[in-house]
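One structure is given below, encoded as structure tokens.
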Amino acid sequence: MTVVTQREAIPHAEDLPAFPAVQIGGLPITVIDRQSAASLMIAAAREHRPGSRPYYFTSANGEVIAQARANPEIAALFRDADQIFADGQPLVLASRLLCSTQLPERVATTDLFHDVAEMAEQKDVTFYLLGSTETENGKALDAIKRRYPGLSVVGHCHGYLSGDALARKLDEINALAPDILWLGLGVPREQIFVRDFASRLPNVGVIKTAGGLFDHLAGKVRRAPLWVQKAGFEWAWRMLMEPRRLFWRYFTTNPRAFYAILRYSK
């Protein structure tokens, strides 16, 4: 087992719990359950020292494994993360067959968000939502306010900014100093964002990449039934929901992910 502890990965984190990682498809995946991941994010946000870079948490699934094996730059972007959570159930199943230590469960961002939000309500941890379209981002915010009326969301914005507009938005986010910035730009745009702009957000506690989270919260994309999720076929459900957009993606990435997981897991 490859051990990367939280204290080694995150600067100034002496008071945070340590978690090991296992190699799946060539990426170090944190051995952690959802509740512990949520607690870790809350603790990291509260322990963050203003003036230092935000803690960077991201997630991996089969598509990420395929992209990382095909592109060393993408692999490096993920390895720069302080923690990589297992967003895909196939990674959990692979750990049971191929790794010396099993992942306890899937830590899907669409579920993890609610675990973190419940804790954040109680601990006065603040959020910022950056990503998706203006419409879906606004709908996601409305859904969050209805479900978590005690949660403080200090700001939100769509994910299609560039140039001076992006520079101004970064300054605004840093001034608002959210404890957790949820970043929903998709892979690898959100990882590139962290690489390029995290240093401009020293007052942000945690950046958590979120993929299509806001579209789920807004009700644009439906989750697969629970039994489909547990069987590791949520990707197939998503493909059935959006065949024109996702068929070719999964047709090309799934074989590469399968090979990488078999070849580069331990």
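Naming scheme: A, B, ... for chains in displayed order of the structure tokens; residues 1 onward per chain; ligands 1 onward as shown.
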Please report, as JSON lines, each residue of region 50-73 of chain A lying at most 10 Å from region 208-220 of chain A, together with the nearest pair of atoms and the separation in Å rounded to one decimal; use only C-alpha atoms, and order rows by chain and ascending residue number.
```
{"residue": "A:Pro54", "atom": "CA", "partner": "A:Lys208", "partner_atom": "CA", "distance": 9.7}
{"residue": "A:Tyr55", "atom": "CA", "partner": "A:Lys208", "partner_atom": "CA", "distance": 8.4}
{"residue": "A:Tyr56", "atom": "CA", "partner": "A:Lys208", "partner_atom": "CA", "distance": 6.2}
{"residue": "A:Phe57", "atom": "CA", "partner": "A:Lys208", "partner_atom": "CA", "distance": 4.9}
{"residue": "A:Thr58", "atom": "CA", "partner": "A:Thr209", "partner_atom": "CA", "distance": 5.1}
{"residue": "A:Ser59", "atom": "CA", "partner": "A:Thr209", "partner_atom": "CA", "distance": 7.2}
```
Backbone DSSP call of strand (DSSP E) for region 43-232 of chain A, listed as a PyMOL selection string: chain A and resi 55-60+83-86+127-131+153-157+180-184+206-209
Neighbour list for region 179-188 of chain A as an MDAnalysis selection string, cut-off 6 Å, only C-alpha atoms, skip fewer than 4 positions in-chain: chainID A and resid 45 125:131 204:211
Can you write out the residues you just picked, keeping C-alpha atoms, as a PDB file, in the first residue's frame?
```pdb
ATOM      1  CA  ALA A  45     -11.387  24.754   6.095  1.00  0.00           C
ATOM      2  CA  VAL A 125     -18.605  27.139   7.599  1.00  0.00           C
ATOM      3  CA  THR A 126     -19.293  29.247   4.502  1.00  0.00           C
ATOM      4  CA  PHE A 127     -19.596  28.212   0.837  1.00  0.00           C
ATOM      5  CA  TYR A 128     -19.035  29.810  -2.568  1.00  0.00           C
ATOM      6  CA  LEU A 129     -20.441  28.182  -5.729  1.00  0.00           C
ATOM      7  CA  LEU A 130     -18.450  28.667  -8.952  1.00  0.00           C
ATOM      8  CA  GLY A 131     -19.371  26.807 -12.104  1.00  0.00           C
ATOM      9  CA  VAL A 204     -10.180  30.617   0.705  1.00  0.00           C
ATOM     10  CA  GLY A 205      -9.973  27.622   3.033  1.00  0.00           C
ATOM     11  CA  VAL A 206     -10.690  24.664   0.741  1.00  0.00           C
ATOM     12  CA  ILE A 207     -11.227  24.228  -2.985  1.00  0.00           C
ATOM     13  CA  LYS A 208     -13.280  21.123  -3.811  1.00  0.00           C
ATOM     14  CA  THR A 209     -13.722  20.259  -7.471  1.00  0.00           C
ATOM     15  CA  ALA A 210     -17.356  19.431  -8.139  1.00  0.00           C
ATOM     16  CA  GLY A 211     -17.821  18.411 -11.786  1.00  0.00           C
TER      17      GLY A 211
END
```
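Nearest-residue note for Ser95 (chain A): choosing from A:Ala165, A:Ile24, A:Leu40, A:Ala117, the minimum distance belongs to A:Ile24, counting only C-alpha atoms.
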Enumerate, in order of chain and increasing residue number, the residues of region 50-162 of chain A with an atom no farther than 9 Å from region 195-203 of chain A, each with its shortest atom pair and distance in Å to one decimal, counting only C-alpha atoms, as CSV.
```
residue,atom,partner,partner_atom,distance
A:Pro50,CA,A:Asn203,CA,4.9
A:Gly51,CA,A:Pro202,CA,4.6
A:Ser52,CA,A:Pro202,CA,5.1
A:Arg53,CA,A:Pro202,CA,5.0
A:Pro54,CA,A:Pro202,CA,6.2
A:Tyr56,CA,A:Ala198,CA,8.7
A:Leu77,CA,A:Arg195,CA,7.2
A:Asp80,CA,A:Arg195,CA,8.3
```
Next, write the just-selected residues to a file, as a compact mmCIF listing (two decimals), in the first residue's frame, keeping N, CA and C atoms as the atom set.
```txt
# COMPACT_ATOMS: atom_id res chain seq x y z
N PRO A 50 -5.05 31.99 6.76
CA PRO A 50 -5.13 33.02 5.73
C PRO A 50 -3.75 33.43 5.25
N GLY A 51 -3.61 33.57 3.96
CA GLY A 51 -2.32 33.90 3.38
C GLY A 51 -1.61 32.72 2.77
N SER A 52 -2.04 31.50 3.10
CA SER A 52 -1.49 30.29 2.48
C SER A 52 -2.47 29.78 1.43
N ARG A 53 -1.98 28.91 0.55
CA ARG A 53 -2.87 28.43 -0.51
C ARG A 53 -4.02 27.61 0.05
N PRO A 54 -5.15 27.60 -0.63
CA PRO A 54 -6.27 26.76 -0.16
C PRO A 54 -5.89 25.28 -0.22
N TYR A 56 -6.63 21.64 -1.42
CA TYR A 56 -7.19 21.26 -2.72
C TYR A 56 -7.61 19.80 -2.68
N LEU A 77 -1.87 17.16 -12.75
CA LEU A 77 -2.85 18.05 -12.12
C LEU A 77 -3.55 17.34 -10.96
N ASP A 80 -1.29 16.75 -7.89
CA ASP A 80 -1.05 17.96 -7.11
C ASP A 80 -2.10 18.15 -6.01
```
Near-Ile29 (chain A) list (12 Å; only C-alpha atoms; drop same-chain fewer than 3 positions) as an mmCIF file with C-alpha atoms, in the first residue's frame:
```cif
data_model
loop_
_atom_site.group_PDB
_atom_site.id
_atom_site.type_symbol
_atom_site.label_atom_id
_atom_site.label_comp_id
_atom_site.auth_asym_id
_atom_site.auth_seq_id
_atom_site.Cartn_x
_atom_site.Cartn_y
_atom_site.Cartn_z
ATOM 1 C CA MET A 1 0.000 0.000 0.000
ATOM 2 C CA THR A 2 1.222 3.505 -0.839
ATOM 3 C CA VAL A 3 0.800 5.695 2.208
ATOM 4 C CA VAL A 4 0.298 9.432 1.786
ATOM 5 C CA THR A 5 -0.900 10.950 5.015
ATOM 6 C CA PHE A 19 -5.513 8.908 5.947
ATOM 7 C CA PRO A 20 -3.614 6.439 3.743
ATOM 8 C CA ALA A 21 -3.998 6.133 -0.010
ATOM 9 C CA VAL A 22 -3.966 3.227 -2.435
ATOM 10 C CA GLN A 23 -2.897 3.291 -6.072
ATOM 11 C CA ILE A 24 -5.811 2.715 -8.451
ATOM 12 C CA GLY A 25 -5.139 3.152 -12.133
ATOM 13 C CA GLY A 26 -1.948 5.000 -11.251
ATOM 14 C CA ILE A 32 -11.808 7.243 3.461
ATOM 15 C CA ASP A 33 -15.581 7.046 3.850
ATOM 16 C CA PHE A 57 -9.485 18.219 -2.765
ATOM 17 C CA THR A 58 -10.561 16.546 -5.988
ATOM 18 C CA SER A 59 -12.197 13.281 -7.074
ATOM 19 C CA ALA A 60 -11.535 10.505 -9.576
ATOM 20 C CA ASN A 61 -13.662 8.018 -11.502
ATOM 21 C CA VAL A 64 -10.459 10.491 -14.900
ATOM 22 C CA ILE A 65 -8.255 7.384 -14.735
ATOM 23 C CA PHE A 78 -4.526 15.318 -10.081
ATOM 24 C CA ARG A 79 -1.372 14.342 -8.218
ATOM 25 C CA ALA A 81 -4.265 17.537 -5.076
ATOM 26 C CA ASP A 82 -4.000 17.189 -1.312
ATOM 27 C CA GLN A 83 -6.551 14.357 -1.475
ATOM 28 C CA ILE A 84 -8.261 12.430 -4.288
ATOM 29 C CA PHE A 85 -11.600 10.879 -3.309
ATOM 30 C CA ALA A 86 -13.091 7.862 -5.113
ATOM 31 C CA ASP A 87 -16.070 9.324 -6.959
ATOM 32 C CA GLY A 88 -16.712 6.172 -8.994
ATOM 33 C CA LEU A 91 -12.777 2.235 -8.097
ATOM 34 C CA VAL A 92 -14.235 0.808 -4.888
ATOM 35 C CA ALA A 94 -11.344 -2.550 -8.025
ATOM 36 C CA SER A 95 -9.809 -1.906 -4.600
ATOM 37 C CA CYS A 99 -5.395 -3.538 -3.692
ATOM 38 C CA THR A 101 -6.382 -2.094 1.356
ATOM 39 C CA GLN A 102 -10.018 -1.692 0.336
ATOM 40 C CA LEU A 103 -11.790 1.611 -0.106
ATOM 41 C CA PRO A 104 -14.635 1.624 2.436
ATOM 42 C CA GLU A 105 -17.173 3.190 0.079
ATOM 43 C CA ARG A 106 -17.698 5.543 -2.813
ATOM 44 C CA VAL A 107 -17.301 9.230 -1.990
ATOM 45 C CA SER A 265 -3.474 -0.727 -9.140
ATOM 46 C CA LYS A 266 -1.930 -2.108 -5.970
#
```
Atom pair CA of Pro28 (chain A) / CA of Asp111 (chain A): separation (Å): 21.1 Å
Atom-to-atom span, CA of Leu16 (chain A) and CA of Phe193 (chain A), Å: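 Interatomic distance, CA of Leu16 (chain A) to CA of Phe193 (chain A): 25.4 Å.
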Alpha helix (DSSP H) residues, from DSSP on the backbone, in region 89-123 of chain A, as a PyMOL selection string: chain A and resi 89-98+109-123
Proximity to Ile42 (chain A) - best of A:Asp124, A:Tyr148, A:Ile173, A:Ala108, only C-alpha atoms: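 Among the listed residues, the smallest separation from Ile42 (chain A) belongs to A:Asp124.
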